[in-house]
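Visitor: Here it is, the structure in full.
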Amino acid sequence: MLSLFATLWQADSAFPNGGFAFSNGIEGLAELGERLDGVGLADVLAMTLTHRWMGMDRIAVSLAFAAGEDEARLAEIDRRLDTATLSAPQRTGSRRNGLAFLTAHARIGTRTAAELKKQVERRHMLGHLPVVQGAIWRACGLDARSALAASAYGVAAGMASAAVRLSLIGAVEAQRCLGATLPLLARLLEEAGSGDGLTCDHFESLTPMLDIATMRHATSDVRLFSN
Amino acid sequence: MNAAPQAAGLRHAGPIAPGTACARDVQAQLGFVKGGGHTVLARQHIPYPFHITRPFRLDPRLPECATLYLQSSSGGLYTGDRLALDIEVGVGAQAHVTSQAATVVHRTPGNEACLSTAIGVRDEAFLILTNDPFILFPKAHLRASTQVTLASGGRVILADGFTTHDPEQHGRPFGRLHTELCVRDPGGRILVWDRGGISGAQFAGSASPLGPYRAMGNVVGLGARRCDVDTSALMQRLDGLGCRIGLSGLPGGCGIVVRCLAPTGGLLAQGMAQVFAAVFEAWTGHAPPPLRK
């Protein structure tokens, strides 16, 4: 039961993990004129979860969760995730969000958070969000599967929230859209299986539209979100 | 030696399936060296279906650069193909290898077609590798892998793209596409890892990662450049064509990537030509010479 409660705690949008500053492509897609009503947002969430989260965040969280407190291993996963993230705004956003997440946990007193934060500040680690999530969520008492669920849900909920704050969609419609995405989340977690045998060589993503949106967003004159 | 089959995508490809009668399992090699103020093709092994022209000197502002066209004698990629190309560019040498035209990937029942390219660029060498778009026919499965080993002071420009076509115009999707680009330093440390896979149904579906576009390409510039790409101007020109591009610095500051999306393969080819020209100019200081194809 502890794992379930820890998962609810970490997936709660009230947790100060710094995610509010990042749209992860939603603002850029809107600038490109992409339709982000209920149908359009559902497609973007499905695309992001299928073609990015599944091959990147999911693997990084799994590997970092397995690494636990092995800082050298965490640093290697972190570095490989960085080399596999070609869009600079996505790299920067992931690192900034990771540091904010670590800062919140360090202030709360979560085991290993303060030490990992030091590693990032000393540049021994880059501090990408999925990597520090994997390590910290293990320390919080989540089980491996729940950590993946929290990661996937966090990505979807964060993007839906960004769409609401940009007034692209109403709050009720966004929640309808998020609810409709849950079966996809469940299917992807099912497909992910136990994660045995995963390595950094399995990192993959194919999201050119999202990449272009974040790249162009970085040069926009007016931005609400960091990426 | 071509490291790609062991080091990258082809390790997943497996052997050619029994009964794949016409499949080719070949490895071609090109070796460029600098000598006498020019770059010369010092080593070549070009088995069927690869075919090359002689090296040309097409750029008066880059007189030491050898340009050659790489062609396929067979009309494209077929089921079970295992084609490997190894390009080595010696210290200080400069070469441009380009395809003659787009490459058709035919339907591949039971066994995907694999094309792997291994590139070794030595100190102060410069390689440009530009592939016209691959055209994926219905039920085509393609695994395309590029492995680059980049020495100190080495420079590389890579361009490739993918689109789809159903000759019978029934809107049938291709099977699956896997792409991989891995850049390493001479010690084997990975600098860039760009790998992805997509089915034809996903490519054309409502939740496509291409959004409303149906053709995609990348231009990657590695190593030192003379100036920055004028991103705003390039984006404006590509927007005018109906394409979308985004430009980003690569991890570790080792270069740039330009992603390009287009509504059709034809517009992708036009857009990619402009993107390539902009990146070429940033890397050399001048516009590329016209290439007759």
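Identifiers in this document derive from the order of the structure tokens: chains are assigned A, B, ..., residues are numbered from 1 separately in each chain, and ligands are numbered from 1 in order of occurrence.
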Find the residues of chain A that sit at most 6 Å from chain B; for each, write down the nearest two atoms and how far apart they are in Å, to one decimal. Count only C-alpha atoms. Sort by chain, then by number going up, and give it as a Markdown table.

Guide:
| residue | atom | partner | partner_atom | distance |
| --- | --- | --- | --- | --- |
| A:Asp43 | CA | B:Ala207 | CA | 4.5 |
| A:Met47 | CA | B:Ala207 | CA | 5.3 |
| A:Thr83 | CA | B:Val192 | CA | 4.7 |
| A:Ala84 | CA | B:Trp193 | CA | 4.6 |
| A:Leu86 | CA | B:Leu250 | CA | 5.6 |
| A:Ser87 | CA | B:Ser248 | CA | 5.7 |
| A:Ala88 | CA | B:Ser248 | CA | 5.8 |
| A:Glu204 | CA | B:Arg195 | CA | 4.8 |
| A:Ser205 | CA | B:Gly196 | CA | 4.8 |
| A:Leu206 | CA | B:Gly196 | CA | 4.8 |
| A:Thr207 | CA | B:Pro209 | CA | 4.9 |
| A:Pro208 | CA | B:Leu210 | CA | 5.9 |
| A:Met209 | CA | B:Leu210 | CA | 5.1 |
| A:Ile212 | CA | B:Gly246 | CA | 4.3 |
| A:Met215 | CA | B:Gly246 | CA | 5.3 |
| A:Arg216 | CA | B:Gly246 | CA | 5.7 |

Visitor: For N, CA, C and O atoms, I'd like the residues from the last selection saved as a CSV table (one decimal), in the first residue's frame.

Guide:
chain,number,residue,atom,x,y,z
A,43,ASP,N,-4.3,13.5,-29.7
A,43,ASP,CA,-3.3,13.0,-30.7
A,43,ASP,C,-1.9,13.3,-30.3
A,43,ASP,O,-1.0,12.5,-30.4
A,47,MET,N,1.0,10.7,-29.4
A,47,MET,CA,2.3,10.7,-30.2
A,47,MET,C,3.5,10.9,-29.2
A,47,MET,O,4.4,10.1,-29.3
A,83,THR,N,22.9,12.5,-24.8
A,83,THR,CA,23.3,12.4,-26.2
A,83,THR,C,22.1,11.9,-27.1
A,83,THR,O,22.2,12.1,-28.4
A,84,ALA,N,21.1,11.4,-26.6
A,84,ALA,CA,19.9,10.9,-27.4
A,84,ALA,C,18.8,12.0,-27.5
A,84,ALA,O,17.8,11.7,-28.1
A,86,LEU,N,18.2,15.3,-29.1
A,86,LEU,CA,18.9,16.2,-30.0
A,86,LEU,C,18.4,17.6,-29.9
A,86,LEU,O,19.1,18.5,-30.3
A,87,SER,N,17.2,17.8,-29.5
A,87,SER,CA,16.7,19.2,-29.4
A,87,SER,C,17.2,19.8,-28.1
A,87,SER,O,16.9,19.4,-27.0
A,88,ALA,N,17.9,20.9,-28.3
A,88,ALA,CA,18.6,21.6,-27.2
A,88,ALA,C,17.5,22.1,-26.2
A,88,ALA,O,17.7,21.9,-24.9
A,204,GLU,N,15.5,5.5,-27.8
A,204,GLU,CA,15.0,5.9,-29.2
A,204,GLU,C,13.8,6.8,-29.1
A,204,GLU,O,13.0,6.7,-28.2
A,205,SER,N,13.7,7.7,-30.1
A,205,SER,CA,12.5,8.5,-30.2
A,205,SER,C,12.4,8.9,-31.7
A,205,SER,O,13.4,9.0,-32.4
A,206,LEU,N,11.2,9.2,-32.1
A,206,LEU,CA,11.0,9.7,-33.4
A,206,LEU,C,9.9,10.7,-33.4
A,206,LEU,O,8.7,10.3,-33.5
A,207,THR,N,10.2,11.9,-33.1
A,207,THR,CA,9.1,13.0,-32.9
A,207,THR,C,9.6,14.3,-33.6
A,207,THR,O,9.8,15.3,-33.0
A,208,PRO,N,9.7,14.2,-34.9
A,208,PRO,CA,10.2,15.4,-35.6
A,208,PRO,C,9.3,16.7,-35.4
A,208,PRO,O,9.9,17.8,-35.3
A,209,MET,N,8.0,16.5,-35.4
A,209,MET,CA,7.2,17.6,-35.2
A,209,MET,C,7.4,18.3,-33.9
A,209,MET,O,7.5,19.5,-33.8
A,212,ILE,N,10.8,20.0,-33.8
A,212,ILE,CA,10.8,21.3,-34.5
A,212,ILE,C,10.0,22.3,-33.7
A,212,ILE,O,10.5,23.5,-33.6
A,215,MET,N,12.3,23.5,-30.9
A,215,MET,CA,13.4,24.2,-31.5
A,215,MET,C,13.0,25.6,-31.8
A,215,MET,O,13.7,26.6,-31.5
A,216,ARG,N,11.9,25.8,-32.5
A,216,ARG,CA,11.4,27.1,-32.9
A,216,ARG,C,10.9,27.9,-31.8
A,216,ARG,O,11.1,29.1,-31.7

Visitor: Residues within 8 Å of Ala215 of chain B, please, as a list of chain:residue names. Count only C-alpha atoms; anything in the same chain fewer than 3 positions from it doesn't count.

Guide: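 The contact residues come out as B:Gly161, B:Phe162, B:Thr163, B:Thr164, B:Leu210, B:Leu261, B:Ala262, B:Pro263, B:Thr264, B:Gly265, B:Leu268.
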
Visitor: What's the 12 Å shell around Cys140 of chain A, counting only C-alpha atoms, without same-chain residues fewer than 5 positions away, as a list of chain:residue names?

Guide: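 Final neighbour list, sorted by chain and number: A:Leu2, A:Ser3, A:Leu4, A:Phe5, A:Ala6, A:Thr7, A:Leu8, A:Trp9, A:Gln10, A:Phe65, A:Gly68, A:His105, A:Ala106, A:Ile108, A:Gly109, A:Thr110, A:Arg111, A:Thr112, A:Ala113, A:Val132, A:Gln133, A:Gly134, A:Ala135, A:Ser146, A:Ala147.
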
Visitor: Store the residues picked out above, limited to N, CA, C and O atoms, as a compact mmCIF listing (two decimals), in the first residue's frame.

Guide:
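Output below, filename again.txt:
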# COMPACT_ATOMS: atom_id res chain seq x y z
N LEU A 2 2.05 1.17 0.62
CA LEU A 2 2.91 2.35 0.69
C LEU A 2 3.28 2.83 -0.71
O LEU A 2 3.31 4.03 -0.99
N SER A 3 3.55 1.87 -1.61
CA SER A 3 3.94 2.24 -2.97
C SER A 3 2.82 3.03 -3.66
O SER A 3 3.07 4.01 -4.36
N LEU A 4 1.56 2.59 -3.44
CA LEU A 4 0.43 3.29 -4.06
C LEU A 4 0.33 4.72 -3.54
O LEU A 4 0.18 5.68 -4.32
N PHE A 5 0.44 4.88 -2.21
CA PHE A 5 0.34 6.23 -1.66
C PHE A 5 1.52 7.10 -2.10
O PHE A 5 1.35 8.29 -2.39
N ALA A 6 2.69 6.50 -2.16
CA ALA A 6 3.86 7.27 -2.61
C ALA A 6 3.68 7.71 -4.07
O ALA A 6 4.07 8.82 -4.45
N THR A 7 3.05 6.85 -4.87
CA THR A 7 2.80 7.19 -6.27
C THR A 7 1.81 8.34 -6.38
O THR A 7 2.01 9.29 -7.16
N LEU A 8 0.74 8.26 -5.62
CA LEU A 8 -0.25 9.35 -5.62
C LEU A 8 0.40 10.67 -5.21
O LEU A 8 0.16 11.73 -5.79
N TRP A 9 1.27 10.58 -4.20
CA TRP A 9 1.98 11.77 -3.69
C TRP A 9 2.84 12.38 -4.81
O TRP A 9 2.79 13.59 -5.06
N GLN A 10 3.57 11.54 -5.52
CA GLN A 10 4.49 12.07 -6.53
C GLN A 10 3.79 12.47 -7.82
O GLN A 10 4.32 13.28 -8.59
N PHE A 65 16.01 3.66 -11.80
CA PHE A 65 15.39 2.98 -10.66
C PHE A 65 16.24 1.77 -10.27
O PHE A 65 16.52 1.54 -9.09
N GLY A 68 19.47 2.76 -8.51
CA GLY A 68 19.33 3.17 -7.11
C GLY A 68 20.30 4.26 -6.72
O GLY A 68 20.27 5.35 -7.28
N HIS A 105 12.86 17.69 -3.35
CA HIS A 105 13.07 16.50 -2.51
C HIS A 105 14.17 16.71 -1.48
O HIS A 105 14.10 16.17 -0.36
N ALA A 106 15.17 17.48 -1.84
CA ALA A 106 16.23 17.76 -0.86
C ALA A 106 15.67 18.56 0.31
O ALA A 106 16.01 18.32 1.48
N ILE A 108 12.57 18.54 1.30
CA ILE A 108 11.69 17.65 2.06
C ILE A 108 12.52 16.70 2.93
O ILE A 108 12.10 16.30 4.01
N GLY A 109 13.72 16.39 2.42
CA GLY A 109 14.59 15.47 3.17
C GLY A 109 14.54 14.05 2.64
O GLY A 109 14.92 13.10 3.34
N THR A 110 14.10 13.88 1.40
CA THR A 110 14.09 12.54 0.79
C THR A 110 15.51 11.99 0.72
O THR A 110 16.43 12.70 0.29
N ARG A 111 15.66 10.76 1.12
CA ARG A 111 16.98 10.12 1.13
C ARG A 111 17.61 10.19 -0.27
O ARG A 111 16.93 9.99 -1.26
N THR A 112 18.83 10.47 -0.34
CA THR A 112 19.70 10.59 -1.53
C THR A 112 19.49 11.88 -2.34
O THR A 112 20.32 12.20 -3.19
N ALA A 113 18.41 12.62 -2.09
CA ALA A 113 18.14 13.80 -2.92
C ALA A 113 19.23 14.86 -2.77
O ALA A 113 19.71 15.42 -3.78
N VAL A 132 16.69 11.39 -12.50
CA VAL A 132 16.58 11.67 -11.06
C VAL A 132 15.23 11.17 -10.53
O VAL A 132 15.13 10.76 -9.36
N GLN A 133 14.22 11.16 -11.38
CA GLN A 133 12.94 10.58 -10.94
C GLN A 133 13.11 9.11 -10.58
O GLN A 133 12.64 8.65 -9.53
N GLY A 134 13.78 8.36 -11.45
CA GLY A 134 13.96 6.93 -11.19
C GLY A 134 14.66 6.69 -9.87
O GLY A 134 14.26 5.82 -9.08
N ALA A 135 15.73 7.45 -9.64
CA ALA A 135 16.51 7.26 -8.41
C ALA A 135 15.73 7.69 -7.17
O ALA A 135 15.68 6.99 -6.15
N SER A 146 5.18 1.34 -10.60
CA SER A 146 4.52 2.58 -10.21
C SER A 146 5.34 3.80 -10.63
O SER A 146 4.78 4.84 -10.97
N ALA A 147 6.66 3.64 -10.58
CA ALA A 147 7.52 4.75 -11.02
C ALA A 147 7.28 5.04 -12.51
O ALA A 147 7.20 6.21 -12.91

Visitor: Got a sec to tell me which of chain A DSSP assigns to alpha helix (DSSP H), as a VMD selection string?

Guide: chain A and resid 2 to 11 26 to 31 38 to 48 57 to 67 71 to 83 88 to 108 113 to 121 129 to 140 144 to 165 171 to 192 208 to 217

Visitor: Could you list, as number ranges by chain, every residue within 9 Å of Gly18 of chain A, counting only C-alpha atoms and ignoring same-chain residues fewer than 6 positions away?

Guide: A: 96-101, 104

Visitor: Have a look at A:Val155, A:Glu34, A:Ala218, A:Ala174 and name the one nearest to Thr48 of chain A; count only C-alpha atoms.

Guide: A:Val155

Visitor: Excluding segment 81-92 of chain B and residues on its chain fewer than 3 positions from it, collect all residues at most 6 Å away from it, counting only C-alpha atoms, and give them as a ChimeraX atom specification.

Guide: /B:2,23-33,78,113-125

Visitor: Got a sec: who's within 6 Å of Ile52 of chain B, counting only C-alpha atoms, leaving out chain neighbours fewer than 5 positions off, as a list of chain:residue names?

Guide: B:Tyr69, B:Leu70, B:Gln71

Visitor: What does the distance from atom CA of Pro55 of chain B to atom CA of Gly76 of chain B come to in Å, to one decimal?

Guide: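 Interatomic distance here is 22.6 Å.
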
Visitor: Identify which of the residues B:Arg237, B:Lys139, B:His170, B:Arg226 lies closest to Ser199 of chain B, counting only C-alpha atoms when measuring atom-to-atom distances.

Guide: B:Lys139

Visitor: Residues at most 9 Å from Gly38 of chain A, counting only C-alpha atoms, excluding those fewer than 3 positions away in the same chain, as a ChimeraX atom specification?

Guide: /A:35,41-43,169-170,173-174,176-177

Visitor: Counting only C-alpha atoms, figure out which residue out of B:Val275, B:Leu222, B:Ile46, B:Pro138 gets nearest to Leu234 of chain B.

Guide: B:Val275

Visitor: What does the distance from atom CA of Ser94 of chain A to atom CA of Ala11 of chain A come to in Å, to one decimal?

Guide: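 According to the coordinates, atom CA of Ser94 of chain A and atom CA of Ala11 of chain A are separated by 17.1 Å.
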